[in-house]
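What follows is the content of start_12.txt (compact mmCIF, C-alpha atoms and all ligand atoms).
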# COMPACT_ATOMS: atom_id res chain seq x y z
CA MET W 1 114.57 21.17 -131.50
CA HIS W 2 111.54 19.17 -130.37
CA LEU W 3 108.49 19.41 -128.11
CA ARG W 4 108.26 17.57 -124.80
CA CYS W 5 105.29 17.01 -122.52
CA VAL W 6 105.75 18.55 -119.08
CA ASP W 7 103.64 15.75 -117.53
CA CYS W 8 104.66 12.46 -119.17
CA GLY W 9 107.83 13.38 -121.08
CA GLU W 10 106.49 12.22 -124.47
CA THR W 11 108.22 14.03 -127.35
CA TYR W 12 106.93 15.45 -130.64
CA PRO W 13 108.63 16.99 -133.67
CA ALA W 14 108.74 20.80 -133.76
CA ASP W 15 107.94 21.26 -137.45
CA ARG W 16 104.19 21.28 -136.86
CA LEU W 17 101.98 22.75 -134.17
CA VAL W 18 100.97 20.34 -131.45
CA THR W 19 99.37 22.30 -128.63
CA ARG W 20 98.84 19.46 -126.17
CA CYS W 21 100.31 16.02 -125.55
CA GLN W 22 98.10 12.97 -126.10
CA CYS W 23 97.97 12.70 -122.30
CA GLY W 24 96.50 16.23 -122.15
CA GLY W 25 99.71 17.77 -120.75
CA LEU W 26 101.30 21.04 -121.87
CA LEU W 27 104.33 20.98 -124.15
CA ASP W 28 107.72 22.68 -123.84
CA VAL W 29 109.98 23.59 -126.73
CA VAL W 30 113.35 21.92 -126.09
CA ILE W 31 116.29 23.46 -127.93
CA GLU W 32 119.56 21.56 -128.20
CA ARG W 33 122.27 24.20 -128.05
CA THR W 34 125.84 23.31 -128.96
CA GLY W 35 128.77 25.02 -127.30
CA PRO W 36 128.88 27.66 -124.58
CA LEU W 37 126.78 30.80 -124.73
CA ASP W 38 128.70 33.94 -125.73
CA ARG W 39 127.18 36.88 -123.86
CA SER W 40 129.29 39.40 -125.73
CA ALA W 41 127.41 38.53 -128.94
CA PHE W 42 124.30 40.05 -127.34
CA ASP W 43 126.24 43.26 -126.63
CA ARG W 44 127.59 43.50 -130.17
CA ARG W 45 124.10 43.19 -131.65
CA LEU W 46 122.94 46.22 -129.65
CA THR W 47 124.60 48.46 -132.22
CA ALA W 48 122.34 47.17 -135.03
CA LEU W 49 119.78 49.72 -136.22
CA THR W 50 117.90 47.31 -138.48
CA GLY W 51 117.38 43.60 -139.04
CA PHE W 52 117.05 40.68 -136.63
CA ASP W 53 119.78 41.96 -134.30
CA HIS W 54 117.70 45.10 -133.71
CA SER W 55 114.83 43.00 -132.33
CA GLY W 56 114.80 42.65 -128.54
CA VAL W 57 113.61 39.10 -129.20
CA TRP W 58 115.83 37.77 -132.02
CA ARG W 59 118.94 39.39 -130.53
CA TYR W 60 118.85 36.40 -128.14
CA ARG W 61 118.41 33.87 -130.91
CA GLU W 62 120.79 31.29 -129.43
CA LEU W 63 118.20 30.82 -126.68
CA LEU W 64 115.23 30.69 -129.08
CA PRO W 65 113.82 28.16 -131.58
CA PRO W 66 116.15 27.96 -134.59
CA LEU W 67 113.69 29.04 -137.31
CA PRO W 68 114.89 29.88 -140.84
CA ASP W 69 115.39 33.62 -141.48
CA ALA W 70 112.92 33.52 -144.37
CA ALA W 71 110.08 32.58 -142.00
CA ILE W 72 110.75 35.29 -139.41
CA VAL W 73 108.14 38.03 -139.01
CA THR W 74 109.55 40.83 -136.87
CA LYS W 75 108.53 44.47 -136.48
CA PRO W 76 110.94 44.47 -134.49
CA GLU W 77 109.74 44.04 -130.91
CA GLY W 78 111.22 44.40 -127.45
CA ASN W 79 113.85 47.07 -126.71
CA THR W 80 111.56 48.25 -123.94
CA ASN W 81 112.73 50.72 -121.33
CA LEU W 82 113.79 49.81 -117.83
CA TYR W 83 112.75 52.62 -115.50
CA GLU W 84 114.53 53.34 -112.26
CA VAL W 85 111.68 54.50 -109.98
CA PRO W 86 112.91 55.53 -106.50
CA GLY W 87 109.61 57.23 -105.63
CA LEU W 88 107.59 54.11 -106.38
CA ALA W 89 110.19 51.96 -104.58
CA ALA W 90 109.69 54.09 -101.48
CA TRP W 91 105.90 53.83 -101.83
CA ALA W 92 106.14 50.06 -102.11
CA GLY W 93 108.64 49.97 -99.26
CA VAL W 94 111.73 48.48 -100.93
CA ALA W 95 115.29 49.69 -101.42
CA ARG W 96 115.35 49.43 -105.21
CA LEU W 97 112.67 49.00 -107.85
CA VAL W 98 113.05 48.99 -111.62
CA LEU W 99 110.06 48.67 -113.94
CA LYS W 100 110.40 47.00 -117.32
CA HIS W 101 107.74 48.53 -119.52
CA GLU W 102 106.51 45.86 -121.88
CA GLY W 103 103.72 48.22 -122.92
CA GLU W 104 106.37 49.82 -125.14
CA ASN W 105 106.21 46.94 -127.60
CA PRO W 106 104.81 47.65 -131.12
CA THR W 107 101.17 46.89 -130.30
CA GLY W 108 101.42 48.08 -126.71
CA SER W 109 101.86 44.85 -124.75
CA PHE W 110 104.35 42.06 -124.01
CA LYS W 111 102.39 39.73 -126.30
CA ASP W 112 104.40 40.92 -129.31
CA ARG W 113 107.48 39.11 -128.03
CA GLY W 114 105.65 35.82 -128.13
CA MET W 115 103.86 36.65 -131.34
CA THR W 116 106.98 37.22 -133.44
CA VAL W 117 108.18 33.71 -132.60
CA ALA W 118 104.83 31.93 -132.90
CA THR W 119 103.82 33.71 -136.12
CA SER W 120 107.22 32.86 -137.60
CA HIS W 121 106.69 29.24 -136.59
CA ALA W 122 103.22 29.38 -138.19
CA LEU W 123 104.74 30.51 -141.49
CA TRP W 124 107.49 27.89 -141.27
CA VAL W 125 104.97 25.06 -140.84
CA GLY W 126 102.76 26.42 -143.62
CA ALA W 127 99.76 27.56 -141.55
CA GLN W 128 96.92 28.97 -143.67
CA ILE W 129 94.94 30.70 -140.92
CA VAL W 130 95.61 31.71 -137.32
CA ALA W 131 93.36 32.29 -134.30
CA CYS W 132 93.29 33.10 -130.59
CA ALA W 133 90.99 33.77 -127.66
CA SER W 134 91.78 36.98 -125.86
CA THR W 135 91.03 39.57 -123.22
CA GLY W 136 92.26 42.13 -125.78
CA ASN W 137 96.05 42.32 -125.92
CA THR W 138 96.69 38.96 -127.54
CA SER W 139 93.98 39.74 -130.11
CA ALA W 140 95.61 43.06 -131.03
CA SER W 141 99.01 41.40 -131.32
CA VAL W 142 97.69 38.44 -133.34
CA ALA W 143 95.87 40.82 -135.68
CA ALA W 144 99.01 42.92 -136.23
CA TYR W 145 101.39 40.01 -136.77
CA ALA W 146 98.93 38.14 -139.01
CA ALA W 147 98.63 41.31 -141.10
CA ALA W 148 102.43 41.50 -141.34
CA ALA W 149 102.64 37.81 -142.28
CA GLY W 150 99.77 38.00 -144.78
CA LEU W 151 97.74 35.41 -142.89
CA PRO W 152 94.01 35.65 -142.14
CA ALA W 153 93.25 35.82 -138.40
CA ILE W 154 90.18 35.06 -136.29
CA VAL W 155 89.97 36.25 -132.71
CA PHE W 156 87.50 35.14 -130.04
CA ILE W 157 86.76 37.71 -127.35
CA PRO W 158 84.36 37.87 -124.40
CA GLU W 159 81.57 40.23 -125.44
CA GLY W 160 81.65 43.56 -123.59
CA LYS W 161 84.64 42.57 -121.46
CA ILE W 162 87.60 43.95 -123.32
CA SER W 163 88.59 47.61 -123.38
CA ALA W 164 87.41 49.78 -126.27
CA ALA W 165 91.01 50.60 -127.20
CA LYS W 166 91.97 46.93 -127.58
CA LEU W 167 88.83 46.13 -129.53
CA GLY W 168 89.45 49.12 -131.80
CA GLN W 169 93.05 48.07 -132.36
CA THR W 170 92.04 44.54 -133.31
CA ILE W 171 89.33 45.82 -135.67
CA ALA W 172 91.79 48.23 -137.28
CA TYR W 173 94.49 45.62 -137.93
CA GLY W 174 91.89 43.60 -139.80
CA ALA W 175 91.30 40.38 -137.85
CA ARG W 176 87.87 38.75 -138.03
CA ILE W 177 86.34 39.20 -134.58
CA VAL W 178 83.98 36.73 -132.94
CA GLN W 179 82.40 37.97 -129.72
CA ILE W 180 81.45 35.19 -127.33
CA ARG W 181 78.50 35.40 -124.95
CA GLY W 182 80.63 34.22 -122.07
CA ASN W 183 83.97 34.96 -120.47
CA PHE W 184 87.56 34.46 -121.64
CA ASP W 185 87.60 30.85 -120.43
CA ALA W 186 84.60 30.02 -122.64
CA ALA W 187 86.29 31.73 -125.60
CA MET W 188 89.49 29.77 -124.88
CA ALA W 189 87.61 26.46 -124.86
CA LEU W 190 85.87 27.29 -128.15
CA VAL W 191 89.02 28.40 -129.97
CA GLN W 192 90.83 25.21 -128.95
CA GLU W 193 87.99 23.13 -130.32
CA ALA W 194 87.84 25.20 -133.52
CA ALA W 195 91.60 24.95 -134.00
CA GLN W 196 91.44 21.17 -133.71
CA ARG W 197 88.39 20.79 -135.89
CA TYR W 198 89.37 23.13 -138.73
CA GLY W 199 93.16 22.86 -138.66
CA ILE W 200 93.65 26.47 -137.53
CA TYR W 201 97.03 27.50 -136.13
CA LEU W 202 96.45 28.53 -132.50
CA LEU W 203 98.34 31.63 -131.31
CA ASN W 204 97.39 31.53 -127.62
CA SER W 205 100.10 30.97 -125.02
CA ILE W 206 99.19 27.27 -124.83
CA ASN W 207 101.28 27.31 -128.02
CA PRO W 208 104.79 26.72 -126.62
CA PHE W 209 106.41 28.93 -129.29
CA ARG W 210 104.64 31.96 -127.78
CA LEU W 211 106.40 31.31 -124.49
CA GLU W 212 109.76 31.03 -126.23
CA GLY W 213 109.42 34.63 -127.40
CA GLN W 214 108.22 35.83 -124.02
CA LYS W 215 111.36 34.42 -122.39
CA THR W 216 113.14 37.44 -123.86
CA ILE W 217 111.47 39.75 -121.30
CA VAL W 218 113.88 38.18 -118.81
CA PHE W 219 116.83 38.05 -121.22
CA GLU W 220 116.52 41.74 -122.05
CA LEU W 221 115.80 42.74 -118.45
CA LEU W 222 118.91 41.00 -117.12
CA HIS W 223 121.00 42.23 -120.05
CA GLN W 224 119.93 45.80 -119.13
CA MET W 225 120.90 45.06 -115.50
CA GLY W 226 124.37 43.92 -116.57
CA TRP W 227 123.37 40.28 -115.88
CA GLU W 228 123.11 41.11 -112.17
CA THR W 229 119.98 39.36 -110.95
CA PRO W 230 117.49 41.28 -108.82
CA ASP W 231 116.27 39.51 -105.66
CA TRP W 232 112.71 39.41 -106.97
CA ILE W 233 110.86 39.61 -110.26
CA VAL W 234 107.19 40.60 -109.87
CA LEU W 235 104.54 40.26 -112.57
CA PRO W 236 100.76 39.93 -113.00
CA GLY W 237 99.23 36.50 -113.68
CA GLY W 238 96.12 35.74 -115.73
CA ASN W 239 96.28 32.83 -118.16
CA LEU W 240 99.78 32.25 -116.68
CA GLY W 241 101.67 32.03 -119.96
CA ASN W 242 104.02 34.82 -118.98
CA THR W 243 104.71 33.32 -115.55
CA SER W 244 105.62 30.08 -117.33
CA ALA W 245 107.87 31.84 -119.85
CA ILE W 246 109.73 33.78 -117.17
CA GLY W 247 110.46 30.64 -115.16
CA LYS W 248 111.71 28.82 -118.25
CA ALA W 249 113.93 31.76 -119.19
CA LEU W 250 115.47 31.94 -115.72
CA THR W 251 116.09 28.20 -115.61
CA GLU W 252 117.75 28.24 -119.04
CA LEU W 253 120.00 31.20 -118.19
CA HIS W 254 120.99 29.51 -114.96
CA GLU W 255 121.75 26.20 -116.65
CA ALA W 256 123.79 27.99 -119.33
CA GLY W 257 125.83 29.69 -116.59
CA VAL W 258 124.78 33.20 -117.69
CA ILE W 259 123.41 33.97 -114.22
CA GLY W 260 124.75 32.60 -110.96
CA ARG W 261 121.50 32.54 -108.98
CA LEU W 262 117.77 32.56 -109.60
CA PRO W 263 115.70 35.54 -108.52
CA ARG W 264 112.45 34.67 -106.73
CA VAL W 265 109.31 35.21 -108.79
CA ALA W 266 106.16 36.79 -107.33
CA VAL W 267 102.97 36.41 -109.36
CA ILE W 268 100.13 38.79 -108.60
CA GLN W 269 96.50 38.02 -109.40
CA ALA W 270 93.40 40.17 -109.06
CA ALA W 271 91.49 38.97 -105.98
CA GLY W 272 88.36 38.35 -108.08
CA ALA W 273 90.23 36.15 -110.55
CA ALA W 274 92.74 34.30 -108.40
CA PRO W 275 92.58 30.52 -108.93
CA PHE W 276 96.39 30.31 -109.01
CA TYR W 277 96.67 32.17 -105.72
CA GLN W 278 94.14 29.85 -104.13
CA ALA W 279 96.00 26.78 -105.38
CA TYR W 280 99.27 28.22 -104.05
CA ARG W 281 97.64 28.80 -100.67
CA ALA W 282 96.61 25.14 -100.68
CA GLY W 283 100.22 24.07 -101.29
CA PHE W 284 99.26 23.25 -104.91
CA ARG W 285 97.41 20.18 -103.60
CA GLU W 286 94.18 21.35 -105.19
CA TYR W 287 93.14 23.57 -108.04
CA HIS W 288 89.67 24.97 -108.69
CA PRO W 289 88.65 27.23 -111.58
CA VAL W 290 86.68 30.33 -110.52
CA THR W 291 84.16 32.69 -112.11
CA PRO W 292 86.39 35.72 -112.68
CA GLU W 293 85.56 39.38 -112.00
CA THR W 294 87.97 42.30 -111.88
CA VAL W 295 88.46 45.84 -113.16
CA ALA W 296 91.71 44.58 -114.71
CA THR W 297 89.96 42.99 -117.70
CA ALA W 298 93.24 41.73 -119.17
CA ILE W 299 93.51 39.21 -116.31
CA ARG W 300 89.80 38.47 -115.91
CA ILE W 301 90.50 34.74 -116.25
CA GLY W 302 89.13 31.93 -114.08
CA ASP W 303 90.76 28.81 -115.52
CA PRO W 304 94.34 29.56 -116.61
CA VAL W 305 95.61 27.26 -119.35
CA SER W 306 99.28 27.29 -118.28
CA TYR W 307 98.63 26.40 -114.63
CA ALA W 308 101.03 23.42 -114.59
CA LYS W 309 103.94 25.33 -116.10
CA ALA W 310 103.34 28.36 -113.87
CA ARG W 311 103.39 26.12 -110.82
CA ARG W 312 106.80 24.89 -112.00
CA THR W 313 108.01 28.52 -112.08
CA ILE W 314 106.94 29.08 -108.48
CA GLU W 315 108.53 25.82 -107.33
CA VAL W 316 111.83 26.28 -109.19
CA THR W 317 112.33 29.90 -108.10
CA ASN W 318 110.98 29.50 -104.57
CA GLY W 319 108.38 32.02 -105.67
CA VAL W 320 105.15 33.27 -104.18
CA VAL W 321 101.65 34.11 -105.43
CA ALA W 322 99.56 36.98 -104.05
CA ALA W 323 96.12 38.44 -104.74
CA VAL W 324 95.23 42.15 -104.60
CA SER W 325 91.92 44.01 -104.59
CA ASP W 326 90.68 46.10 -107.51
CA GLU W 327 91.04 49.18 -105.30
CA ALA W 328 94.70 48.38 -104.65
CA ILE W 329 95.28 47.80 -108.38
CA MET W 330 93.74 51.15 -109.31
CA GLU W 331 95.65 53.01 -106.63
CA ALA W 332 98.94 51.50 -107.77
CA LYS W 333 98.03 52.34 -111.35
CA ALA W 334 97.40 55.98 -110.42
CA ARG W 335 100.88 56.07 -108.81
CA ILE W 336 102.58 54.58 -111.88
CA ASP W 337 100.64 56.94 -114.14
CA ARG W 338 101.49 59.96 -112.00
CA ALA W 339 105.17 59.02 -112.16
CA GLY W 340 104.85 59.82 -115.87
CA ILE W 341 105.25 56.18 -116.85
CA GLY W 342 101.71 54.81 -117.01
CA CYS W 343 100.32 51.34 -117.59
CA GLU W 344 97.02 49.52 -117.91
CA PRO W 345 95.24 48.19 -114.79
CA ALA W 346 96.48 44.57 -115.03
CA SER W 347 100.09 45.78 -115.11
CA ALA W 348 99.58 47.79 -111.94
CA ALA W 349 98.88 44.54 -110.07
CA THR W 350 102.68 44.26 -110.08
CA LEU W 351 103.16 47.34 -107.88
CA ALA W 352 100.06 46.69 -105.75
CA GLY W 353 101.28 43.14 -105.12
CA LEU W 354 104.81 44.24 -104.33
CA ARG W 355 103.53 46.76 -101.77
CA GLN W 356 101.36 44.12 -100.15
CA LEU W 357 104.14 41.51 -100.05
CA VAL W 358 106.50 44.03 -98.39
CA SER W 359 103.86 44.97 -95.87
CA ASP W 360 103.25 41.26 -95.16
CA GLY W 361 106.99 40.77 -94.59
CA VAL W 362 107.36 38.34 -97.51
CA ILE W 363 109.60 40.65 -99.56
CA PRO W 364 112.22 42.27 -97.30
CA VAL W 365 112.63 46.05 -97.22
CA GLY W 366 116.22 45.75 -98.46
CA ALA W 367 115.26 43.76 -101.56
CA SER W 368 116.11 44.77 -105.11
CA VAL W 369 113.03 44.22 -107.25
CA ALA W 370 112.28 44.20 -110.98
CA GLY W 371 108.60 44.65 -111.82
CA ILE W 372 107.07 43.90 -115.19
CA LEU W 373 104.54 46.33 -116.62
CA THR W 374 102.69 44.28 -119.22
CA GLY W 375 100.57 46.82 -121.11
CA HIS W 376 100.49 50.50 -122.11
CA LEU W 377 98.40 53.17 -120.39
CA MET W 378 96.53 53.87 -123.66
CA LYS W 379 95.25 50.29 -123.73
CA ASP W 380 92.51 51.17 -121.27
CA THR W 381 91.54 54.83 -121.19
CA ASP W 382 88.08 53.90 -119.86
CA ALA W 383 89.77 52.82 -116.62
CA VAL W 384 91.62 56.16 -116.45
CA MET W 385 88.46 58.19 -116.99
CA ASN W 386 86.52 56.17 -114.48
CA TYR W 387 89.19 56.60 -111.81
CA HIS W 388 89.61 60.35 -112.33
CA LEU W 389 86.05 61.35 -113.32
CA GLY W 390 83.80 58.50 -112.25
CA PRO W 391 81.38 58.40 -109.32
CA ASP W 392 84.12 57.42 -106.82
CA ALA W 393 86.68 59.98 -108.02
CA ALA W 394 86.19 62.10 -104.91
CA HIS W 395 87.62 59.24 -102.83
CA HIS W 396 90.79 58.99 -104.93
CA SER W 397 93.65 61.07 -103.58
CA LEU W 398 95.29 61.33 -107.01
CA ALA W 399 92.08 62.16 -108.94
CA ASN W 400 92.85 64.83 -111.55
CA PRO W 401 89.61 65.86 -113.26
CA PRO W 402 89.75 68.53 -115.99
CA GLN W 403 87.84 71.74 -115.21
CA VAL W 404 85.54 73.66 -117.57
CA ILE W 405 85.56 77.50 -117.65
CA ASP W 406 84.45 80.46 -119.76
CA PRO W 407 87.28 81.77 -121.98
CA THR W 408 88.30 84.73 -119.77
CA PRO W 409 91.41 85.49 -117.69
CA ALA W 410 89.21 86.01 -114.63
CA ALA W 411 87.77 82.54 -114.92
CA LEU W 412 91.27 81.14 -115.45
CA GLU W 413 92.60 82.84 -112.33
CA GLU W 414 89.71 81.52 -110.34
CA ILE W 415 90.63 77.91 -110.99
CA LEU W 416 94.43 78.24 -111.38
CA GLY W 417 95.04 80.81 -108.65
CA ASP W 418 97.19 78.33 -106.74
CA VAL W 419 99.74 77.91 -109.57
CA LEU W 420 99.65 81.23 -111.50
N1 LIG K 1 98.88 41.85 -118.29
C1 LIG K 1 98.27 42.14 -119.44
C2 LIG K 1 98.23 43.57 -119.88
C3 LIG K 1 97.68 41.12 -120.21
O1 LIG K 1 97.07 41.41 -121.34
C4 LIG K 1 97.72 39.79 -119.73
C5 LIG K 1 97.09 38.70 -120.47
C6 LIG K 1 98.39 39.55 -118.54
C7 LIG K 1 98.95 40.59 -117.84
C8 LIG K 1 98.52 38.19 -117.96
O2 LIG K 1 99.43 37.42 -118.66
O3 LIG K 1 97.91 35.58 -119.29
O4 LIG K 1 100.37 35.34 -119.50
O5 LIG K 1 99.29 35.40 -117.27
N2 LIG K 1 96.37 38.87 -121.48
C9 LIG K 1 95.85 37.80 -122.35
C10 LIG K 1 95.18 38.38 -123.56
C11 LIG K 1 95.05 36.78 -121.64
O6 LIG K 1 94.31 37.73 -124.15
O7 LIG K 1 95.55 39.47 -123.99
P1 LIG K 1 99.25 35.83 -118.69

Show me the file's structure as structure tokens.
Amino acid sequence: MHLRCVDCGETYPADRLVTRCQCGGLLDVVIERTGPLDRSAFDRRLTALTGFDHSGVWRYRELLPPLPDAAIVTKPEGNTNLYEVPGLAAWAGVARLVLKHEGENPTGSFKDRGMTVATSHALWVGAQIVACASTGNTSASVAAYAAAAGLPAIVFIPEGKISAAKLGQTIAYGARIVQIRGNFDAAMALVQEAAQRYGIYLLNSINPFRLEGQKTIVFELLHQMGWETPDWIVLPGGNLGNTSAIGKALTELHEAGVIGRLPRVAVIQAAGAAPFYQAYRAGFREYHPVTPETVATAIRIGDPVSYAKARRTIEVTNGVVAAVSDEAIMEAKARIDRAGIGCEPASAATLAGLRQLVSDGVIPVGASVAGILTGHLMKDTDAVMNYHLGPDAAHHSLANPPQVIDPTPAALEEILGDVL
């Protein structure tokens, strides 16, 4: 195993954390696998009720960094449900839609898949302290995994711009929290400088070991689909780590002969935080950071760190990038919530984007689509309350405000006459 620069090809040993190449490029983890991949081993491990095989990450260990068992910190993670959602497929306009709910991970987001691998790597290389910048989910995951590993953690968050639930979670798990007067991009710049200056182990997705863990979203998804690839995989894009991980996973499965063809990847950004979409529109000839603004605070990011790797995902899979309005995100979220599944606003960009791409004729009506839901509904209850009870609730067809009555049957019949 070693690290290799995606720009210049320079290599580095994997037994320490190098987050960037000397040339400034991003690094990939390269794993030398010997022998063919035995898919049936993955099936056999599904019967495990405990241990590494029970983790929806480490079950796929042949495709992950070979870290010693003693270093591995696992809760375990993964094993997230794949929901068949015909009603939402019809709403989006496609023949088949399945939703992989990564909000069902231990801390409520897909970040845990990356965190088990990166935290294990941190222990292996003898890290003394870990840190990240975050819009809230990474910070919760870092705090939880650092607590499990017995490592102190510092998280940098944009003041006032992460949901109360995520802030509360991070406080509760015991990380030291630094609130930045500025946005996520400013926090990201500061944490990189601090990591360099003070020798802190950086747990953001610029750390290539994070992406190794996040590859397992695809491994588990395709395993659940019997290794039949959908036509499209749709996911939200913010800092673009996940987009990068999903492309790397697909490429590796294809090269190993586990899948016969690559699905196309569609990355959805919030219109107010869409530098990747704008670069895509310009044929990737130019890239400009933006000042981000969106209701989906998880993806309120204007200068994504993993831009170069995410671009590779789009190019390799013949993918597309789209941008959707906050209104479209919140409407799609209300649909997913009402289906009894639920997700946080950023995750709903997946369904909003799918619907838009079908209506634009990019994704054909007959397509089979797998959508990734990245975070749990309970991650952002402020967004729920605002949609259902806020000043614009009257304009929302799915608004479901609670009603207040006196404790009498007459009052009850007055408001529930239609169902009693
Ligand atoms: N969805 C959710 C719920 C997220 O929390 C994030 C990113 C994304 C999508 C986008 O993923 O950054 O890999 O493109 N959250 C990070 C955080 C930035 O700090 O929690 P990405």

Which residues are near ligand LIG 1 (chain K) in this structure, taking near to mean any atom at most 6 Å from a ligand atom and counting only C-alpha atoms and all ligand atoms? Format them as a list in words.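 I would give the residues around ligand LIG 1 (chain K) as Ser134, Thr135, Gly136, Asn137, Thr138, Pro236, Gly237, Gly238, Asn239, Leu240, Gly241, Asn242, Ala298, Ile299, Ala346, Ser347, Thr374 and Gly375 of chain W.
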
Which stretch 233-264 of chain W residues have any atom within 12 Å of an atom of stretch 91-102 of chain W, and for each, what is the nearest pair of atoms with distance in Å to one decimal, counting all atoms listed in the file, rows sorted by chain and number, as CSV?
residue,atom,partner,partner_atom,distance
W:Ile233,CA,W:Val98,CA,9.7
W:Val234,CA,W:Leu99,CA,9.5
W:Leu235,CA,W:Lys100,CA,10.1
W:Asn242,CA,W:Glu102,CA,11.7

Please produce an output containing C-alpha atoms for each residue in the selection, written as a short mmCIF file (atom, residue, chain, number, x, y, z; two decimals), in the frame of the given file.
data_model
loop_
_atom_site.label_atom_id
_atom_site.label_comp_id
_atom_site.auth_asym_id
_atom_site.auth_seq_id
_atom_site.Cartn_x
_atom_site.Cartn_y
_atom_site.Cartn_z
CA ILE W 233 110.86 39.61 -110.26
CA VAL W 234 107.19 40.60 -109.87
CA LEU W 235 104.54 40.26 -112.57
CA ASN W 242 104.02 34.82 -118.98
#

Would you give me, as a Markdown table, each residue of stretch 93-150 of chain W having an atom within 7 Å of an atom of stretch 170-191 of chain W, along with its shortest atom pair and that distance in Å to one decimal, using only C-alpha atoms and sorting by chain and residue number?
| residue | atom | partner | partner_atom | distance |
| --- | --- | --- | --- | --- |
| W:Cys132 | CA | W:Val191 | CA | 6.4 |
| W:Ala133 | CA | W:Met188 | CA | 5.1 |
| W:Ser134 | CA | W:Phe184 | CA | 6.5 |
| W:Thr135 | CA | W:Phe184 | CA | 6.4 |
| W:Ser139 | CA | W:Thr170 | CA | 6.1 |
| W:Ala140 | CA | W:Thr170 | CA | 4.5 |
| W:Ala143 | CA | W:Ala175 | CA | 5.1 |
| W:Ala144 | CA | W:Tyr173 | CA | 5.5 |
| W:Ala147 | CA | W:Tyr173 | CA | 6.8 |

May I ask for the distance between atom CA of W:Ala310 and atom CA of W:Ile129, given in Å to one decimal place?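 Between these atoms lies a distance of 28.4 Å.
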
Selection: 7 Å around W:Ile329, all atoms listed in the file, excl. self and same-chain fewer than 2 positions, as an MDAnalysis selection string: chainID W and resid 324:327 331:333 345 348:349 352

Using all atoms listed in the file and a cutoff of 10 Å, can you tell me which residues are near (117.4, 39.2, -116.2) in the file's coordinates, and write them out as an mmCIF file with C-alpha atoms, keeping the file's coordinate frame?
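What follows is the written file result-v5.cif:
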data_model
loop_
_atom_site.group_PDB
_atom_site.id
_atom_site.type_symbol
_atom_site.label_atom_id
_atom_site.label_comp_id
_atom_site.auth_asym_id
_atom_site.auth_seq_id
_atom_site.Cartn_x
_atom_site.Cartn_y
_atom_site.Cartn_z
ATOM 1 C CA LYS W 215 111.360 34.420 -122.390
ATOM 2 C CA THR W 216 113.140 37.440 -123.860
ATOM 3 C CA ILE W 217 111.470 39.750 -121.300
ATOM 4 C CA VAL W 218 113.880 38.180 -118.810
ATOM 5 C CA PHE W 219 116.830 38.050 -121.220
ATOM 6 C CA GLU W 220 116.520 41.740 -122.050
ATOM 7 C CA LEU W 221 115.800 42.740 -118.450
ATOM 8 C CA LEU W 222 118.910 41.000 -117.120
ATOM 9 C CA HIS W 223 121.000 42.230 -120.050
ATOM 10 C CA GLN W 224 119.930 45.800 -119.130
ATOM 11 C CA MET W 225 120.900 45.060 -115.500
ATOM 12 C CA GLY W 226 124.370 43.920 -116.570
ATOM 13 C CA TRP W 227 123.370 40.280 -115.880
ATOM 14 C CA GLU W 228 123.110 41.110 -112.170
ATOM 15 C CA THR W 229 119.980 39.360 -110.950
ATOM 16 C CA PRO W 230 117.490 41.280 -108.820
ATOM 17 C CA ILE W 233 110.860 39.610 -110.260
ATOM 18 C CA ILE W 246 109.730 33.780 -117.170
ATOM 19 C CA ALA W 249 113.930 31.760 -119.190
ATOM 20 C CA LEU W 250 115.470 31.940 -115.720
ATOM 21 C CA LEU W 253 120.000 31.200 -118.190
ATOM 22 C CA VAL W 258 124.780 33.200 -117.690
ATOM 23 C CA ILE W 259 123.410 33.970 -114.220
ATOM 24 C CA LEU W 262 117.770 32.560 -109.600
ATOM 25 C CA PRO W 263 115.700 35.540 -108.520
ATOM 26 C CA ALA W 370 112.280 44.200 -110.980
#

Around (110.4, 24.8, -123.8) in the file's own coordinates, what residues are found within 8 Å if you use all atoms listed in the file, given back as a PDB file with C-alpha atoms, keeping the file's coordinate frame?
ATOM      1  CA  LEU W   3     108.490  19.410-128.110  1.00  0.00           C
ATOM      2  CA  ARG W   4     108.260  17.570-124.800  1.00  0.00           C
ATOM      3  CA  LEU W  27     104.330  20.980-124.150  1.00  0.00           C
ATOM      4  CA  ASP W  28     107.720  22.680-123.840  1.00  0.00           C
ATOM      5  CA  VAL W  29     109.980  23.590-126.730  1.00  0.00           C
ATOM      6  CA  VAL W  30     113.350  21.920-126.090  1.00  0.00           C
ATOM      7  CA  ILE W  31     116.290  23.460-127.930  1.00  0.00           C
ATOM      8  CA  PRO W 208     104.790  26.720-126.620  1.00  0.00           C
ATOM      9  CA  PHE W 209     106.410  28.930-129.290  1.00  0.00           C
ATOM     10  CA  LEU W 211     106.400  31.310-124.490  1.00  0.00           C
ATOM     11  CA  GLU W 212     109.760  31.030-126.230  1.00  0.00           C
ATOM     12  CA  LYS W 248     111.710  28.820-118.250  1.00  0.00           C
TER      13      LYS W 248
END

Any idea what's packed within 12 Å of W:Gly51, counting only C-alpha atoms, ignoring anything in its chain fewer than 2 positions away? Could you give it as a ChimeraX atom specification? /W:45-49,53-59,69,72-77

Point out the residue among W:Gly371, W:Pro289, W:Gly213, W:Pro36 with the least atom-to-atom distance to W:Tyr60, counting only C-alpha atoms. W:Gly213

Residue among W:Ile363, W:Gly340, W:Ala122, W:Asp112 lying closest to W:Thr80, counting all atoms listed in the file: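 The shortest atom-to-atom distance to W:Thr80 comes from W:Asp112.
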
Between W:Gly160, W:Gly87, W:Gly78, W:Gly103, which residue has the minimum interatomic distance to W:Arg335, considering all atoms listed in the file?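 Checking each of W:Gly160, W:Gly87, W:Gly78, W:Gly103 against W:Arg335, counting all atoms listed in the file, the winner is W:Gly87.
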